Amino acid sequence: MDDNTWDDTPIAAAARRAAQVMTPNSLSLPKPEKPRLVTIANQKGGVGKTTSSVNLAASLAIHGLKVLVVDLDPQGNASTALGIEHRAGTLSTYELLIGETTADEALQQSPANPNLFCIPATLDLAGAEIELVSLVRREYRLSDALSMDFITSHGFDYVFIDCPPSLGLLTINAMTAVNEVLIPIQCEYYALEGVGQLLNNITMIRQHLNKSLHISAILLTMYDARTKLAEQVASEVRGHFGDVVLKTMIPRAVKVSEAPGYGKTVIEYDPGSRGAMAYLDAAKELAKRGDFVPSEQSGPVGVRP
C-alpha cells in the first residue's frame with residue numbers, strides 16, 4: 001500500500017480529524033448573535049440526554065465557543081463526564097434553586113477545556129422537587145438564577161441544561177429558563193413512546209409559562225446502520241418532525257459509553273472515534289443552521305421562518 005492509498009483510508013481520516021481536534025485553536029465556529037439557551041429533555045431514560053449535553057457542549061468549546069452546562073439531574077452524570085467536583089457539600093444546582101447560592105458561586109470550570117463550564121448537581125437535588133412546591137416562583141427559580149446579566153457577564157455563547165428523566169418541577173424550571181428544547185430520540189423500539197406527552201407538556205409550558213419556548217432540534221442517537229429497525233425509526237422521526245431533525249445521527253458506539261467512566265466526554269477520551277466525530281458534526285450543524293423558530297401554526301416544533 002503506497003502512502004497516498006493510506007491517506008485515503010477511514011483510519012487515516014479519523015487520525016487527521018483527531019489531531020485537528022487536539023490542536024488548540026485549530027477549529028472555529030461563528031458565535032451566535034445572542035446567547036443560545038437550550039434544554040435537552042426527554043422523560044424517557046437511556047436516550048442519550050446527558051451524553052448529548054456534555055458532548056455537544058465539549059464540541060462547541062473545542063470550536064472556540066464559551067459553553068455552560070447546567071446539571072439538573074440528581075444523578076450528576078453530566079458533572080462527572082465534565083470532570084467537575086460534585087460530592088455532597090459542593091455548591092450545586094440544588095442550592096441555586098432554593099436560593100442558598102448564586103450561579104457565580106456554584107460555577108466551575110471543566111479541566112478538559114478553558115471554554116467549558118458547569119454548574120454541578122449533587123444528590124441533594126433529589127429532594128428539590130418537594131421543596132420547590134412551597135417556594136415563590138417555583139417554576140422560575142432556575143430562570144431567575146441564570147439571569148441574562150450572569151450569562152453575558154461571563155460571555156457564554158451556549159447554555160445547555162441537562163434534565164432528569166421526568167416531567168416534574170426540575171424539568172419545568174429548565175424549560176422556563178431557555179428558548180430552545182433539543183430532544184434526543186434513540187433509533188430503537190418504542191422510540192417515539194412518551195414523545196407525545198413531552199410535546200403536550202412543552203405546549204402547555206409555552207402557553208402558560210414561557211411563550212418563547214420551542215423545539216429547535218431533534219437528535220437521533222444510538223443509530224446502528226447494520227439494522228433495518230434503526231433506518232425505519234430514523235425515517236419515521238424525520239417524516240413526523242421534518243427539518244427540525246438534525247441530519248447528523250449519533251451512532252451506537254462503545255467509546256461513547258466508556259468515556260463517562262473515565263470522567264471525560266468522548267471528545268476528550270477518544271477524539272478520533274466515530275462517536276466523537278458524530279458529536280462534533282452535530283454541534284457544527286446546530287451552530288451553523290442557527291435556531292429553528294416556530295411559526296404561528298407550527299406549535300412548539302421549530303421550523304425555518
# chains A, B, ... in the order shown; residues from 1 in each chain; ligands from 1
$ residues_around --residues "segment 142-152 of chain A" --least-positions-apart "6" --cutoff "8 Å" --atoms "only C-alpha atoms" --output "list in words"
Pro35, Leu96, Leu97, Thr102, Ala103, Asp104, Asn173, Ala174, Thr176, Ala177 and Val178 of chain A
$ residues_around --residues "segment 105-111 of chain A" --least-positions-apart "5" --cutoff "6 Å" --atoms "only C-alpha atoms" --output "PyMOL selection string"
chain A and resi 82+91-92+116-119
$ write_last_selection --atoms "C-alpha atoms" --output "CSV table (one decimal), in the first residue's frame"
chain,number,residue,atom,x,y,z
A,82,LEU,CA,-17.0,17.1,32.6
A,91,LEU,CA,-22.4,24.2,45.8
A,92,SER,CA,-24.7,23.0,43.1
A,116,LEU,CA,-16.2,24.8,29.2
A,117,PHE,CA,-18.0,25.4,32.5
A,118,CYS,CA,-20.6,23.6,34.6
A,119,ILE,CA,-22.9,24.2,37.5
$ residues_around --residues "segment 53-70 of chain A" --least-positions-apart "4" --cutoff "8 Å" --atoms "only C-alpha atoms" --output "PDB file with all heavy atoms, in the first residue's frame"
ATOM      1  N   VAL A  21      -8.633  18.125  16.245  1.00  0.00           N
ATOM      2  CA  VAL A  21      -9.388  18.397  17.471  1.00  0.00           C
ATOM      3  C   VAL A  21      -8.451  18.689  18.631  1.00  0.00           C
ATOM      4  O   VAL A  21      -8.704  19.567  19.472  1.00  0.00           O
ATOM      5  CB  VAL A  21     -10.306  17.195  17.814  1.00  0.00           C
ATOM      6  CG1 VAL A  21     -10.883  17.338  19.218  1.00  0.00           C
ATOM      7  CG2 VAL A  21     -11.434  17.085  16.793  1.00  0.00           C
ATOM      8  N   ASN A  25      -6.954  25.902  19.085  1.00  0.00           N
ATOM      9  CA  ASN A  25      -7.333  26.989  18.169  1.00  0.00           C
ATOM     10  C   ASN A  25      -7.346  26.589  16.694  1.00  0.00           C
ATOM     11  O   ASN A  25      -7.306  27.458  15.817  1.00  0.00           O
ATOM     12  CB  ASN A  25      -6.380  28.189  18.352  1.00  0.00           C
ATOM     13  CG  ASN A  25      -6.321  28.665  19.784  1.00  0.00           C
ATOM     14  OD1 ASN A  25      -7.352  28.753  20.458  1.00  0.00           O
ATOM     15  ND2 ASN A  25      -5.126  28.964  20.262  1.00  0.00           N
ATOM     16  N   SER A  26      -7.411  25.284  16.410  1.00  0.00           N
ATOM     17  CA  SER A  26      -7.423  24.856  15.005  1.00  0.00           C
ATOM     18  C   SER A  26      -8.841  24.807  14.432  1.00  0.00           C
ATOM     19  O   SER A  26      -9.020  24.771  13.217  1.00  0.00           O
ATOM     20  CB  SER A  26      -6.762  23.487  14.855  1.00  0.00           C
ATOM     21  OG  SER A  26      -7.509  22.498  15.537  1.00  0.00           O
ATOM     22  N   LEU A  27      -9.846  24.806  15.304  1.00  0.00           N
ATOM     23  CA  LEU A  27     -11.238  24.738  14.857  1.00  0.00           C
ATOM     24  C   LEU A  27     -11.978  25.987  15.321  1.00  0.00           C
ATOM     25  O   LEU A  27     -11.700  26.517  16.396  1.00  0.00           O
ATOM     26  CB  LEU A  27     -11.925  23.497  15.435  1.00  0.00           C
ATOM     27  CG  LEU A  27     -11.359  22.138  15.026  1.00  0.00           C
ATOM     28  CD1 LEU A  27     -12.026  21.032  15.836  1.00  0.00           C
ATOM     29  CD2 LEU A  27     -11.560  21.885  13.545  1.00  0.00           C
ATOM     30  N   SER A  28     -12.924  26.438  14.513  1.00  0.00           N
ATOM     31  CA  SER A  28     -13.709  27.600  14.925  1.00  0.00           C
ATOM     32  C   SER A  28     -15.110  27.530  14.320  1.00  0.00           C
ATOM     33  O   SER A  28     -15.318  26.910  13.279  1.00  0.00           O
ATOM     34  CB  SER A  28     -13.026  28.902  14.490  1.00  0.00           C
ATOM     35  OG  SER A  28     -12.976  28.986  13.080  1.00  0.00           O
ATOM     36  N   LEU A  29     -16.045  28.131  15.022  1.00  0.00           N
ATOM     37  CA  LEU A  29     -17.421  28.261  14.557  1.00  0.00           C
ATOM     38  C   LEU A  29     -17.880  29.683  14.867  1.00  0.00           C
ATOM     39  O   LEU A  29     -17.394  30.304  15.817  1.00  0.00           O
ATOM     40  CB  LEU A  29     -18.334  27.264  15.281  1.00  0.00           C
ATOM     41  CG  LEU A  29     -18.338  25.818  14.790  1.00  0.00           C
ATOM     42  CD1 LEU A  29     -19.117  24.934  15.759  1.00  0.00           C
ATOM     43  CD2 LEU A  29     -18.922  25.712  13.383  1.00  0.00           C
ATOM     44  N   LYS A  31     -19.858  32.738  16.381  1.00  0.00           N
ATOM     45  CA  LYS A  31     -20.616  32.953  17.607  1.00  0.00           C
ATOM     46  C   LYS A  31     -22.066  33.282  17.252  1.00  0.00           C
ATOM     47  O   LYS A  31     -22.325  33.953  16.249  1.00  0.00           O
ATOM     48  CB  LYS A  31     -20.022  34.127  18.398  1.00  0.00           C
ATOM     49  CG  LYS A  31     -18.702  33.823  19.078  1.00  0.00           C
ATOM     50  CD  LYS A  31     -18.204  35.054  19.818  1.00  0.00           C
ATOM     51  CE  LYS A  31     -16.939  34.757  20.593  1.00  0.00           C
ATOM     52  NZ  LYS A  31     -17.216  33.960  21.806  1.00  0.00           N
ATOM     53  N   ILE A  40     -32.032  20.109  27.144  1.00  0.00           N
ATOM     54  CA  ILE A  40     -32.026  18.801  26.490  1.00  0.00           C
ATOM     55  C   ILE A  40     -32.914  17.886  27.315  1.00  0.00           C
ATOM     56  O   ILE A  40     -32.608  17.584  28.473  1.00  0.00           O
ATOM     57  CB  ILE A  40     -30.583  18.260  26.353  1.00  0.00           C
ATOM     58  CG1 ILE A  40     -29.788  19.238  25.478  1.00  0.00           C
ATOM     59  CG2 ILE A  40     -30.578  16.854  25.781  1.00  0.00           C
ATOM     60  CD1 ILE A  40     -28.403  18.808  25.111  1.00  0.00           C
ATOM     61  N   LYS A  49     -29.598  11.782  26.773  1.00  0.00           N
ATOM     62  CA  LYS A  49     -29.717  13.198  27.171  1.00  0.00           C
ATOM     63  C   LYS A  49     -28.386  13.741  27.691  1.00  0.00           C
ATOM     64  O   LYS A  49     -27.864  14.733  27.191  1.00  0.00           O
ATOM     65  CB  LYS A  49     -30.796  13.373  28.251  1.00  0.00           C
ATOM     66  CG  LYS A  49     -32.218  13.310  27.777  1.00  0.00           C
ATOM     67  CD  LYS A  49     -33.188  13.710  28.863  1.00  0.00           C
ATOM     68  CE  LYS A  49     -33.108  12.811  30.067  1.00  0.00           C
ATOM     69  NZ  LYS A  49     -33.502  11.422  29.797  1.00  0.00           N
ATOM     70  N   ALA A  78     -23.663  14.378  34.182  1.00  0.00           N
ATOM     71  CA  ALA A  78     -23.050  15.417  33.344  1.00  0.00           C
ATOM     72  C   ALA A  78     -21.845  16.020  34.069  1.00  0.00           C
ATOM     73  O   ALA A  78     -20.800  16.268  33.455  1.00  0.00           O
ATOM     74  CB  ALA A  78     -24.068  16.506  33.004  1.00  0.00           C
ATOM     75  N   ALA A  81     -18.941  13.550  33.787  1.00  0.00           N
ATOM     76  CA  ALA A  81     -18.335  13.498  32.449  1.00  0.00           C
ATOM     77  C   ALA A  81     -17.476  14.722  32.153  1.00  0.00           C
ATOM     78  O   ALA A  81     -16.538  14.639  31.351  1.00  0.00           O
ATOM     79  CB  ALA A  81     -19.428  13.361  31.388  1.00  0.00           C
ATOM     80  N   LEU A  82     -17.791  15.843  32.805  1.00  0.00           N
ATOM     81  CA  LEU A  82     -17.017  17.063  32.582  1.00  0.00           C
ATOM     82  C   LEU A  82     -15.874  17.222  33.588  1.00  0.00           C
ATOM     83  O   LEU A  82     -15.176  18.234  33.584  1.00  0.00           O
ATOM     84  CB  LEU A  82     -17.939  18.286  32.644  1.00  0.00           C
ATOM     85  CG  LEU A  82     -19.003  18.364  31.538  1.00  0.00           C
ATOM     86  CD1 LEU A  82     -19.967  19.507  31.794  1.00  0.00           C
ATOM     87  CD2 LEU A  82     -18.372  18.494  30.166  1.00  0.00           C
ATOM     88  N   THR A  93     -26.698  22.946  41.743  1.00  0.00           N
ATOM     89  CA  THR A  93     -28.000  23.437  41.270  1.00  0.00           C
ATOM     90  C   THR A  93     -29.062  23.350  42.365  1.00  0.00           C
ATOM     91  O   THR A  93     -30.044  24.092  42.338  1.00  0.00           O
ATOM     92  CB  THR A  93     -28.467  22.652  40.033  1.00  0.00           C
ATOM     93  OG1 THR A  93     -28.300  21.238  40.257  1.00  0.00           O
ATOM     94  CG2 THR A  93     -27.676  23.045  38.801  1.00  0.00           C
ATOM     95  N   ASN A 113     -11.326  21.822  29.178  1.00  0.00           N
ATOM     96  CA  ASN A 113     -11.267  22.914  28.210  1.00  0.00           C
ATOM     97  C   ASN A 113     -11.538  24.236  28.921  1.00  0.00           C
ATOM     98  O   ASN A 113     -12.509  24.336  29.683  1.00  0.00           O
ATOM     99  CB  ASN A 113     -12.312  22.679  27.103  1.00  0.00           C
ATOM    100  CG  ASN A 113     -12.156  23.618  25.925  1.00  0.00           C
ATOM    101  OD1 ASN A 113     -12.157  24.834  26.080  1.00  0.00           O
ATOM    102  ND2 ASN A 113     -12.024  23.061  24.733  1.00  0.00           N
ATOM    103  N   ASN A 115     -12.846  26.785  27.835  1.00  0.00           N
ATOM    104  CA  ASN A 115     -14.112  27.379  27.382  1.00  0.00           C
ATOM    105  C   ASN A 115     -15.345  26.673  27.945  1.00  0.00           C
ATOM    106  O   ASN A 115     -16.470  27.063  27.652  1.00  0.00           O
ATOM    107  CB  ASN A 115     -14.215  27.309  25.849  1.00  0.00           C
ATOM    108  CG  ASN A 115     -13.230  28.216  25.160  1.00  0.00           C
ATOM    109  OD1 ASN A 115     -12.933  29.302  25.653  1.00  0.00           O
ATOM    110  ND2 ASN A 115     -12.708  27.773  24.018  1.00  0.00           N
ATOM    111  N   LEU A 116     -15.125  25.619  28.733  1.00  0.00           N
ATOM    112  CA  LEU A 116     -16.233  24.754  29.158  1.00  0.00           C
ATOM    113  C   LEU A 116     -16.457  24.884  30.664  1.00  0.00           C
ATOM    114  O   LEU A 116     -15.523  24.697  31.454  1.00  0.00           O
ATOM    115  CB  LEU A 116     -15.893  23.312  28.774  1.00  0.00           C
ATOM    116  CG  LEU A 116     -16.976  22.241  28.904  1.00  0.00           C
ATOM    117  CD1 LEU A 116     -18.247  22.640  28.172  1.00  0.00           C
ATOM    118  CD2 LEU A 116     -16.447  20.910  28.371  1.00  0.00           C
ATOM    119  N   PHE A 117     -17.700  25.196  31.049  1.00  0.00           N
ATOM    120  CA  PHE A 117     -18.033  25.413  32.454  1.00  0.00           C
ATOM    121  C   PHE A 117     -19.265  24.584  32.836  1.00  0.00           C
ATOM    122  O   PHE A 117     -20.025  24.145  31.966  1.00  0.00           O
ATOM    123  CB  PHE A 117     -18.327  26.895  32.703  1.00  0.00           C
ATOM    124  CG  PHE A 117     -17.115  27.776  32.561  1.00  0.00           C
ATOM    125  CD1 PHE A 117     -16.635  28.143  31.308  1.00  0.00           C
ATOM    126  CD2 PHE A 117     -16.434  28.237  33.682  1.00  0.00           C
ATOM    127  CE1 PHE A 117     -15.512  28.940  31.165  1.00  0.00           C
ATOM    128  CE2 PHE A 117     -15.308  29.042  33.556  1.00  0.00           C
ATOM    129  CZ  PHE A 117     -14.850  29.392  32.298  1.00  0.00           C
ATOM    130  N   CYS A 118     -19.436  24.393  34.131  1.00  0.00           N
ATOM    131  CA  CYS A 118     -20.560  23.583  34.602  1.00  0.00           C
ATOM    132  C   CYS A 118     -21.030  24.077  35.961  1.00  0.00           C
ATOM    133  O   CYS A 118     -20.221  24.472  36.807  1.00  0.00           O
ATOM    134  CB  CYS A 118     -20.130  22.116  34.693  1.00  0.00           C
ATOM    135  SG  CYS A 118     -21.405  20.986  35.314  1.00  0.00           S
ATOM    136  N   ILE A 119     -22.334  24.076  36.153  1.00  0.00           N
ATOM    137  CA  ILE A 119     -22.914  24.179  37.494  1.00  0.00           C
ATOM    138  C   ILE A 119     -23.375  22.765  37.827  1.00  0.00           C
ATOM    139  O   ILE A 119     -24.279  22.236  37.174  1.00  0.00           O
ATOM    140  CB  ILE A 119     -24.083  25.184  37.552  1.00  0.00           C
ATOM    141  CG1 ILE A 119     -23.577  26.590  37.208  1.00  0.00           C
ATOM    142  CG2 ILE A 119     -24.716  25.174  38.936  1.00  0.00           C
ATOM    143  CD1 ILE A 119     -24.656  27.656  37.183  1.00  0.00           C
ATOM    144  N   PRO A 120     -22.725  22.108  38.800  1.00  0.00           N
ATOM    145  CA  PRO A 120     -22.939  20.676  39.002  1.00  0.00           C
ATOM    146  C   PRO A 120     -24.237  20.342  39.729  1.00  0.00           C
ATOM    147  O   PRO A 120     -24.921  21.229  40.257  1.00  0.00           O
ATOM    148  CB  PRO A 120     -21.731  20.272  39.854  1.00  0.00           C
ATOM    149  CG  PRO A 120     -21.413  21.511  40.635  1.00  0.00           C
ATOM    150  CD  PRO A 120     -21.721  22.664  39.718  1.00  0.00           C
ATOM    151  N   GLY A 155     -19.763  35.867  29.236  1.00  0.00           N
ATOM    152  CA  GLY A 155     -19.528  35.698  27.809  1.00  0.00           C
ATOM    153  C   GLY A 155     -19.922  34.335  27.261  1.00  0.00           C
ATOM    154  O   GLY A 155     -19.349  33.871  26.267  1.00  0.00           O
ATOM    155  N   PHE A 156     -20.918  33.687  27.884  1.00  0.00           N
ATOM    156  CA  PHE A 156     -21.331  32.376  27.397  1.00  0.00           C
ATOM    157  C   PHE A 156     -22.063  32.503  26.051  1.00  0.00           C
ATOM    158  O   PHE A 156     -22.954  33.336  25.890  1.00  0.00           O
ATOM    159  CB  PHE A 156     -22.240  31.672  28.410  1.00  0.00           C
ATOM    160  CG  PHE A 156     -21.527  31.222  29.648  1.00  0.00           C
ATOM    161  CD1 PHE A 156     -21.949  31.654  30.903  1.00  0.00           C
ATOM    162  CD2 PHE A 156     -20.431  30.380  29.576  1.00  0.00           C
ATOM    163  CE1 PHE A 156     -21.283  31.252  32.056  1.00  0.00           C
ATOM    164  CE2 PHE A 156     -19.756  29.970  30.720  1.00  0.00           C
ATOM    165  CZ  PHE A 156     -20.183  30.413  31.959  1.00  0.00           C
ATOM    166  N   ASP A 157     -21.668  31.668  25.104  1.00  0.00           N
ATOM    167  CA  ASP A 157     -22.342  31.614  23.810  1.00  0.00           C
ATOM    168  C   ASP A 157     -23.499  30.615  23.830  1.00  0.00           C
ATOM    169  O   ASP A 157     -24.504  30.803  23.149  1.00  0.00           O
ATOM    170  CB  ASP A 157     -21.350  31.205  22.712  1.00  0.00           C
ATOM    171  CG  ASP A 157     -20.211  32.206  22.577  1.00  0.00           C
ATOM    172  OD1 ASP A 157     -20.503  33.382  22.301  1.00  0.00           O
ATOM    173  OD2 ASP A 157     -19.034  31.817  22.751  1.00  0.00           O
ATOM    174  N   TYR A 158     -23.314  29.535  24.586  1.00  0.00           N
ATOM    175  CA  TYR A 158     -24.336  28.486  24.692  1.00  0.00           C
ATOM    176  C   TYR A 158     -24.499  28.085  26.155  1.00  0.00           C
ATOM    177  O   TYR A 158     -23.523  28.009  26.900  1.00  0.00           O
ATOM    178  CB  TYR A 158     -23.934  27.230  23.899  1.00  0.00           C
ATOM    179  CG  TYR A 158     -24.053  27.380  22.401  1.00  0.00           C
ATOM    180  CD1 TYR A 158     -23.039  27.979  21.668  1.00  0.00           C
ATOM    181  CD2 TYR A 158     -25.184  26.925  21.709  1.00  0.00           C
ATOM    182  CE1 TYR A 158     -23.145  28.128  20.295  1.00  0.00           C
ATOM    183  CE2 TYR A 158     -25.295  27.069  20.347  1.00  0.00           C
ATOM    184  CZ  TYR A 158     -24.274  27.670  19.636  1.00  0.00           C
ATOM    185  OH  TYR A 158     -24.384  27.823  18.271  1.00  0.00           O
ATOM    186  N   VAL A 159     -25.745  27.820  26.530  1.00  0.00           N
ATOM    187  CA  VAL A 159     -26.041  27.219  27.825  1.00  0.00           C
ATOM    188  C   VAL A 159     -26.878  25.969  27.551  1.00  0.00           C
ATOM    189  O   VAL A 159     -27.925  26.042  26.893  1.00  0.00           O
ATOM    190  CB  VAL A 159     -26.831  28.181  28.744  1.00  0.00           C
ATOM    191  CG1 VAL A 159     -27.200  27.483  30.051  1.00  0.00           C
ATOM    192  CG2 VAL A 159     -26.023  29.447  29.021  1.00  0.00           C
ATOM    193  N   PHE A 160     -26.401  24.814  28.021  1.00  0.00           N
ATOM    194  CA  PHE A 160     -27.144  23.553  27.900  1.00  0.00           C
ATOM    195  C   PHE A 160     -27.602  23.122  29.285  1.00  0.00           C
ATOM    196  O   PHE A 160     -26.800  23.089  30.224  1.00  0.00           O
ATOM    197  CB  PHE A 160     -26.268  22.448  27.296  1.00  0.00           C
ATOM    198  CG  PHE A 160     -25.950  22.636  25.840  1.00  0.00           C
ATOM    199  CD1 PHE A 160     -24.691  23.070  25.442  1.00  0.00           C
ATOM    200  CD2 PHE A 160     -26.901  22.388  24.867  1.00  0.00           C
ATOM    201  CE1 PHE A 160     -24.392  23.248  24.105  1.00  0.00           C
ATOM    202  CE2 PHE A 160     -26.613  22.562  23.523  1.00  0.00           C
ATOM    203  CZ  PHE A 160     -25.363  22.995  23.131  1.00  0.00           C
ATOM    204  N   ILE A 161     -28.874  22.791  29.409  1.00  0.00           N
ATOM    205  CA  ILE A 161     -29.407  22.296  30.681  1.00  0.00           C
ATOM    206  C   ILE A 161     -29.754  20.824  30.511  1.00  0.00           C
ATOM    207  O   ILE A 161     -30.565  20.457  29.661  1.00  0.00           O
ATOM    208  CB  ILE A 161     -30.642  23.098  31.132  1.00  0.00           C
ATOM    209  CG1 ILE A 161     -30.300  24.594  31.242  1.00  0.00           C
ATOM    210  CG2 ILE A 161     -31.153  22.570  32.465  1.00  0.00           C
ATOM    211  CD1 ILE A 161     -31.474  25.473  31.631  1.00  0.00           C
ATOM    212  N   ASP A 162     -29.114  19.979  31.310  1.00  0.00           N
ATOM    213  CA  ASP A 162     -29.349  18.535  31.262  1.00  0.00           C
ATOM    214  C   ASP A 162     -30.443  18.181  32.265  1.00  0.00           C
ATOM    215  O   ASP A 162     -30.283  18.395  33.466  1.00  0.00           O
ATOM    216  CB  ASP A 162     -28.050  17.792  31.593  1.00  0.00           C
ATOM    217  CG  ASP A 162     -28.219  16.283  31.499  1.00  0.00           C
ATOM    218  OD1 ASP A 162     -28.943  15.830  30.604  1.00  0.00           O
ATOM    219  OD2 ASP A 162     -27.619  15.564  32.319  1.00  0.00           O
ATOM    220  N   THR A 265     -15.666  13.449  28.458  1.00  0.00           N
ATOM    221  CA  THR A 265     -16.542  13.357  27.293  1.00  0.00           C
ATOM    222  C   THR A 265     -15.831  12.490  26.257  1.00  0.00           C
ATOM    223  O   THR A 265     -14.612  12.291  26.330  1.00  0.00           O
ATOM    224  CB  THR A 265     -16.794  14.750  26.687  1.00  0.00           C
ATOM    225  OG1 THR A 265     -15.541  15.267  26.198  1.00  0.00           O
ATOM    226  CG2 THR A 265     -17.377  15.710  27.714  1.00  0.00           C
ATOM    227  N   VAL A 266     -16.567  12.009  25.274  1.00  0.00           N
ATOM    228  CA  VAL A 266     -15.925  11.196  24.231  1.00  0.00           C
ATOM    229  C   VAL A 266     -14.993  12.070  23.381  1.00  0.00           C
ATOM    230  O   VAL A 266     -14.023  11.583  22.802  1.00  0.00           O
ATOM    231  CB  VAL A 266     -16.972  10.466  23.368  1.00  0.00           C
ATOM    232  CG1 VAL A 266     -17.697  11.432  22.418  1.00  0.00           C
ATOM    233  CG2 VAL A 266     -16.328   9.324  22.578  1.00  0.00           C
ATOM    234  N   ILE A 267     -15.245  13.367  23.347  1.00  0.00           N
ATOM    235  CA  ILE A 267     -14.392  14.294  22.602  1.00  0.00           C
ATOM    236  C   ILE A 267     -12.984  14.312  23.195  1.00  0.00           C
ATOM    237  O   ILE A 267     -11.987  14.366  22.471  1.00  0.00           O
ATOM    238  CB  ILE A 267     -14.975  15.732  22.624  1.00  0.00           C
ATOM    239  CG1 ILE A 267     -16.458  15.749  22.231  1.00  0.00           C
ATOM    240  CG2 ILE A 267     -14.172  16.666  21.739  1.00  0.00           C
ATOM    241  CD1 ILE A 267     -16.777  15.172  20.872  1.00  0.00           C
ATOM    242  N   ALA A 276     -17.214  10.489  18.671  1.00  0.00           N
ATOM    243  CA  ALA A 276     -16.701  11.853  18.802  1.00  0.00           C
ATOM    244  C   ALA A 276     -16.909  12.634  17.512  1.00  0.00           C
ATOM    245  O   ALA A 276     -17.346  13.797  17.536  1.00  0.00           O
ATOM    246  CB  ALA A 276     -15.215  11.818  19.171  1.00  0.00           C
ATOM    247  N   TYR A 279     -20.601  13.662  17.200  1.00  0.00           N
ATOM    248  CA  TYR A 279     -20.998  14.786  18.054  1.00  0.00           C
ATOM    249  C   TYR A 279     -20.375  16.104  17.581  1.00  0.00           C
ATOM    250  O   TYR A 279     -21.013  17.158  17.656  1.00  0.00           O
ATOM    251  CB  TYR A 279     -20.651  14.511  19.513  1.00  0.00           C
ATOM    252  CG  TYR A 279     -21.760  13.772  20.230  1.00  0.00           C
ATOM    253  CD1 TYR A 279     -21.587  12.476  20.705  1.00  0.00           C
ATOM    254  CD2 TYR A 279     -23.006  14.370  20.417  1.00  0.00           C
ATOM    255  CE1 TYR A 279     -22.624  11.794  21.345  1.00  0.00           C
ATOM    256  CE2 TYR A 279     -24.042  13.710  21.047  1.00  0.00           C
ATOM    257  CZ  TYR A 279     -23.845  12.421  21.509  1.00  0.00           C
ATOM    258  OH  TYR A 279     -24.880  11.767  22.128  1.00  0.00           O
ATOM    259  N   LEU A 280     -19.154  16.049  17.092  1.00  0.00           N
ATOM    260  CA  LEU A 280     -18.538  17.250  16.526  1.00  0.00           C
ATOM    261  C   LEU A 280     -19.341  17.754  15.327  1.00  0.00           C
ATOM    262  O   LEU A 280     -19.582  18.952  15.176  1.00  0.00           O
ATOM    263  CB  LEU A 280     -17.091  16.962  16.115  1.00  0.00           C
ATOM    264  CG  LEU A 280     -16.078  16.854  17.268  1.00  0.00           C
ATOM    265  CD1 LEU A 280     -14.816  16.141  16.804  1.00  0.00           C
ATOM    266  CD2 LEU A 280     -15.736  18.240  17.821  1.00  0.00           C
ATOM    267  N   ALA A 282     -22.561  17.092  14.725  1.00  0.00           N
ATOM    268  CA  ALA A 282     -23.882  17.543  15.191  1.00  0.00           C
ATOM    269  C   ALA A 282     -23.797  18.946  15.785  1.00  0.00           C
ATOM    270  O   ALA A 282     -24.667  19.797  15.545  1.00  0.00           O
ATOM    271  CB  ALA A 282     -24.435  16.564  16.225  1.00  0.00           C
ATOM    272  N   ALA A 283     -22.744  19.200  16.553  1.00  0.00           N
ATOM    273  CA  ALA A 283     -22.559  20.530  17.148  1.00  0.00           C
ATOM    274  C   ALA A 283     -22.350  21.583  16.068  1.00  0.00           C
ATOM    275  O   ALA A 283     -22.880  22.696  16.141  1.00  0.00           O
ATOM    276  CB  ALA A 283     -21.368  20.509  18.112  1.00  0.00           C
ATOM    277  N   LYS A 284     -21.568  21.210  15.058  1.00  0.00           N
ATOM    278  CA  LYS A 284     -21.315  22.134  13.951  1.00  0.00           C
ATOM    279  C   LYS A 284     -22.619  22.444  13.212  1.00  0.00           C
ATOM    280  O   LYS A 284     -22.903  23.601  12.880  1.00  0.00           O
ATOM    281  CB  LYS A 284     -20.307  21.495  12.989  1.00  0.00           C
ATOM    282  CG  LYS A 284     -19.707  22.457  11.977  1.00  0.00           C
ATOM    283  CD  LYS A 284     -18.773  21.735  11.013  1.00  0.00           C
ATOM    284  CE  LYS A 284     -17.634  21.047  11.732  1.00  0.00           C
ATOM    285  NZ  LYS A 284     -16.702  20.391  10.776  1.00  0.00           N
TER     286      LYS A 284
END
$ select_by_dssp --residues "segment 48-176 of chain A" --states "strand (DSSP E or B)" --output "list of chain:residue names"
A:Val67, A:Leu68, A:Val69, A:Val70, A:Asp71, A:Gln108, A:Gln109, A:Leu116, A:Phe117, A:Cys118, A:Ile119, A:Tyr158, A:Val159, A:Phe160, A:Ile161, A:Asp162
$ write_last_selection --atoms "C-alpha atoms" --output "tab-separated table (two decimals), in the first residue's frame"
chain	number	residue	atom	x	y	z
A	67	VAL	CA	-20.27	26.97	26.90
A	68	LEU	CA	-22.05	26.38	30.21
A	69	VAL	CA	-23.65	23.04	31.17
A	70	VAL	CA	-26.22	23.20	33.96
A	71	ASP	CA	-26.63	19.74	35.52
A	108	GLN	CA	-16.89	25.54	37.98
A	109	GLN	CA	-14.52	25.37	35.02
A	116	LEU	CA	-16.23	24.75	29.16
A	117	PHE	CA	-18.03	25.41	32.45
A	118	CYS	CA	-20.56	23.58	34.60
A	119	ILE	CA	-22.91	24.18	37.49
A	158	TYR	CA	-24.34	28.49	24.69
A	159	VAL	CA	-26.04	27.22	27.83
A	160	PHE	CA	-27.14	23.55	27.90
A	161	ILE	CA	-29.41	22.30	30.68
A	162	ASP	CA	-29.35	18.54	31.26
$ closest_residue --among "A:Ala112, A:Leu286, A:Val47, A:Ala217" --to "Leu192 of chain A" --atoms "only C-alpha atoms"
A:Val47
$ closest_residue --among "A:Gly99, A:Pro165, A:Pro271, A:Gly290" --to "Gln75 of chain A" --atoms "only C-alpha atoms"
A:Pro165
$ atom_distance --atom1 "atom CA of Val244 of chain A" --atom2 "atom CA of Glu285 of chain A"
11.5 Å
$ residues_around --residues "Ala126 of chain A" --least-positions-apart "3" --cutoff "8 Å" --atoms "only C-alpha atoms" --output "VMD selection string"
chain A and resid 74 123 129
$ residues_around --residues "Ala88 of chain A" --least-positions-apart "6" --cutoff "12 Å" --atoms "only C-alpha atoms" --output "PyMOL selection string"
chain A and resi 74+76+94-95+120-125
$ closest_residue --among "A:Leu167, A:Ala41, A:Ala278, A:Ile84" --to "Pro260 of chain A" --atoms "only C-alpha atoms"
A:Ile84
$ residues_around --residues "Gln197 of chain A" --least-positions-apart "2" --cutoff "12 Å" --atoms "only C-alpha atoms" --output "MDAnalysis selection string"
chainID A and resid 42:44 166:167 192:195 199:204
$ closest_residue --among "A:Ala259, A:Val254, A:Met222, A:Leu170" --to "Thr80 of chain A" --atoms "only C-alpha atoms"
A:Ala259
$ select_by_dssp --residues "segment 5-128 of chain A" --states "helix (DSSP H, G or I)" --output "JSON, numbers by chain"
{"A": [5, 6, 7, 10, 11, 12, 13, 14, 15, 16, 17, 18, 19, 20, 21, 22, 49, 50, 51, 52, 53, 54, 55, 56, 57, 58, 59, 60, 61, 62, 77, 78, 79, 80, 81, 93, 94, 95, 96, 97, 98, 103, 104, 105, 106, 123, 124, 125, 126, 127, 128]}
